[in-house]
Amino acid sequence: MTAKNKYKALELETPGVYDLEGLEVGVTSNCNYKCDYCCAYNRDDGQCISGEEVIRIIRELPALKRVRLSGGEVTLKYQDCLDIVSYCGAHGIDTQLNTNASLLTEERIVALRDAGLSNIHISFNYTNAEEYAAYYRVHPRMYERLEQNIRMCAEAGLETVLETLLFEGTQSNMAAISEKVYELGVRIHEIQNSIVMPHSNWDRIATQEALVQSVNELIANKREDTTLYFTCMDRFAERLGLHEQPGVYFSNCVDGTKQLHLHGNGDILICELCHPVVIGNIYNGTSLKDIYVQQPEALTEFLTQRPCPAYDALFSNEA
């Protein structure tokens, strides 16, 4: 990791004392996409949280190093996002914006960059309009807009991260996706291993063999000026013969140990993706500042057992 690239800074550190260093905020649950694979907590329940309220919460968290803004589609609340980014940028807190990029414009991209946004994180799973439209359940013309906005982010000098989900629908096309990421001007590519999603009955995960083949192919063909981050693989990467090298990282999972998720209604979740368990509510007496001191029972149980659905899915035959 270079000094300039702060992406995954928390995940690349050696895990230490449990403390709230990262907060993911579901600024809005509403979304203009209906993705096939979605882990959003109560998507489209109408809950949102204002920039002013998020800033109030951040002020009370002295150990906070990073704020991730997500949704739903976070840019539906663009001005709130800009306000939060501006505050964090002025107070030394890294910020990440997780977006489908459909509502970005050049003006918004420049404003976010100038406000101090650390990086913009965009889902990128397909290289043609038809497959993209089917997966995200949108009109095919949205793919052209996606490409345009990604290029604008990169050209504006905004640290841009494209994330690809490694699952049945992408496992045979990872090399082409990686080439497209590079062609769009992006030099940070995150590959997230898929997990079973019981709440939506989604189970199109990649097999062990497909995962290993895809990861090795991506590493073998990595450009020198590109950084690869592999997520939801840290528990078993070495077991499968996968190892870090310059520009290749198997980032540590920090959900539940350093990072929690805050929904618009005040609910606090251990992890929206892997462990969507509500452990309290900031409006019903739960203190984010003291949550690792006065641990809710569900958080204590998680920290004791450290469950990993990615591991369980790949090694289910060992249970």
# chains A, B, ... in the order shown; residues from 1 in each chain; ligands from 1

call {"tool": "select_by_dssp", "arguments": {"residues": "segment 98-239 of chain A", "states": "strand (DSSP E)", "output": "VMD selection string"}}
result
chain A and resid 98 to 99 119 to 123 160 to 166 188 to 193 227 to 231

call {"tool": "select_by_dssp", "arguments": {"residues": "segment 215-270 of chain A", "states": "alpha helix (DSSP H)", "output": "list of chain:residue names"}}
result
A:Val215, A:Asn216, A:Glu217, A:Leu218, A:Ile219, A:Ala220

call {"tool": "residues_around", "arguments": {"residues": "segment 290-294 of chain A", "least_positions_apart": "6", "cutoff": "8 Å", "atoms": "only C-alpha atoms", "output": "list in words"}}
result
Tyr18, Asp19 and Leu20 of chain A

call {"tool": "write_last_selection", "arguments": {"atoms": "C-alpha atoms", "output": "short mmCIF file (atom, residue, chain, number, x, y, z; two decimals), in the first residue's frame"}}
result
data_model
loop_
_atom_site.label_atom_id
_atom_site.label_comp_id
_atom_site.auth_asym_id
_atom_site.auth_seq_id
_atom_site.Cartn_x
_atom_site.Cartn_y
_atom_site.Cartn_z
CA TYR A 18 -11.57 -3.81 19.46
CA ASP A 19 -12.62 -0.21 18.95
CA LEU A 20 -14.94 1.67 16.61
#

call {"tool": "closest_atom_pairs", "arguments": {"of": "segment 173-199 of chain A", "to": "segment 210-213 of chain A", "cutoff": "12 Å", "atoms": "only C-alpha atoms", "output": "Markdown table"}}
result
| residue | atom | partner | partner_atom | distance |
| --- | --- | --- | --- | --- |
| A:Asn173 | CA | A:Ala210 | CA | 11.0 |
| A:Met174 | CA | A:Gln213 | CA | 9.9 |
| A:Ala175 | CA | A:Gln213 | CA | 10.7 |
| A:Ile191 | CA | A:Leu211 | CA | 10.5 |
| A:Gln192 | CA | A:Leu211 | CA | 10.5 |
| A:Asn193 | CA | A:Leu211 | CA | 7.9 |
| A:Ser194 | CA | A:Leu211 | CA | 9.7 |

call {"tool": "closest_atom_pairs", "arguments": {"of": "segment 149-186 of chain A", "to": "segment 94-97 of chain A", "cutoff": "12 Å", "atoms": "only C-alpha atoms", "output": "tab-separated table"}}
result
residue	atom	partner	partner_atom	distance
A:Leu158	CA	A:Gln96	CA	11.1
A:Glu159	CA	A:Gln96	CA	9.7
A:Thr160	CA	A:Gln96	CA	9.9
A:Val161	CA	A:Gln96	CA	9.8
A:Leu162	CA	A:Leu97	CA	11.7

call {"tool": "decode", "arguments": {"residues": "segment 262-294 of chain A", "atoms": "C-alpha atoms", "output": "short mmCIF file (atom, residue, chain, number, x, y, z; two decimals), in the first residue's frame"}}
result
data_model
loop_
_atom_site.label_atom_id
_atom_site.label_comp_id
_atom_site.auth_asym_id
_atom_site.auth_seq_id
_atom_site.Cartn_x
_atom_site.Cartn_y
_atom_site.Cartn_z
CA LEU A 262 -25.61 2.39 11.10
CA HIS A 263 -29.02 2.34 9.40
CA GLY A 264 -31.14 5.42 8.84
CA ASN A 265 -33.54 4.52 11.66
CA GLY A 266 -30.70 4.30 14.18
CA ASP A 267 -30.27 0.52 14.11
CA ILE A 268 -26.68 -0.64 14.59
CA LEU A 269 -25.66 -3.79 12.72
CA ILE A 270 -22.51 -5.86 13.10
CA CYS A 271 -22.20 -6.14 9.32
CA GLU A 272 -24.81 -5.44 6.68
CA LEU A 273 -23.37 -8.09 4.35
CA CYS A 274 -21.96 -10.98 6.37
CA HIS A 275 -23.67 -10.70 9.75
CA PRO A 276 -26.77 -8.47 9.56
CA VAL A 277 -27.56 -8.73 13.25
CA VAL A 278 -28.97 -5.65 14.99
CA ILE A 279 -27.10 -5.02 18.25
CA GLY A 280 -28.82 -1.82 19.33
CA ASN A 281 -30.24 1.51 18.28
CA ILE A 282 -28.67 4.92 18.87
CA TYR A 283 -32.09 6.38 19.61
CA ASN A 284 -32.98 3.68 22.12
CA GLY A 285 -30.07 3.95 24.52
CA THR A 286 -27.15 2.31 22.65
CA SER A 287 -23.97 4.40 22.72
CA LEU A 288 -21.68 4.00 19.72
CA LYS A 289 -18.91 5.66 21.68
CA ASP A 290 -19.05 3.01 24.42
CA ILE A 291 -20.27 0.03 22.43
CA TYR A 292 -17.03 -1.95 22.83
CA VAL A 293 -16.98 -1.24 26.56
CA GLN A 294 -20.65 -1.88 27.28
#
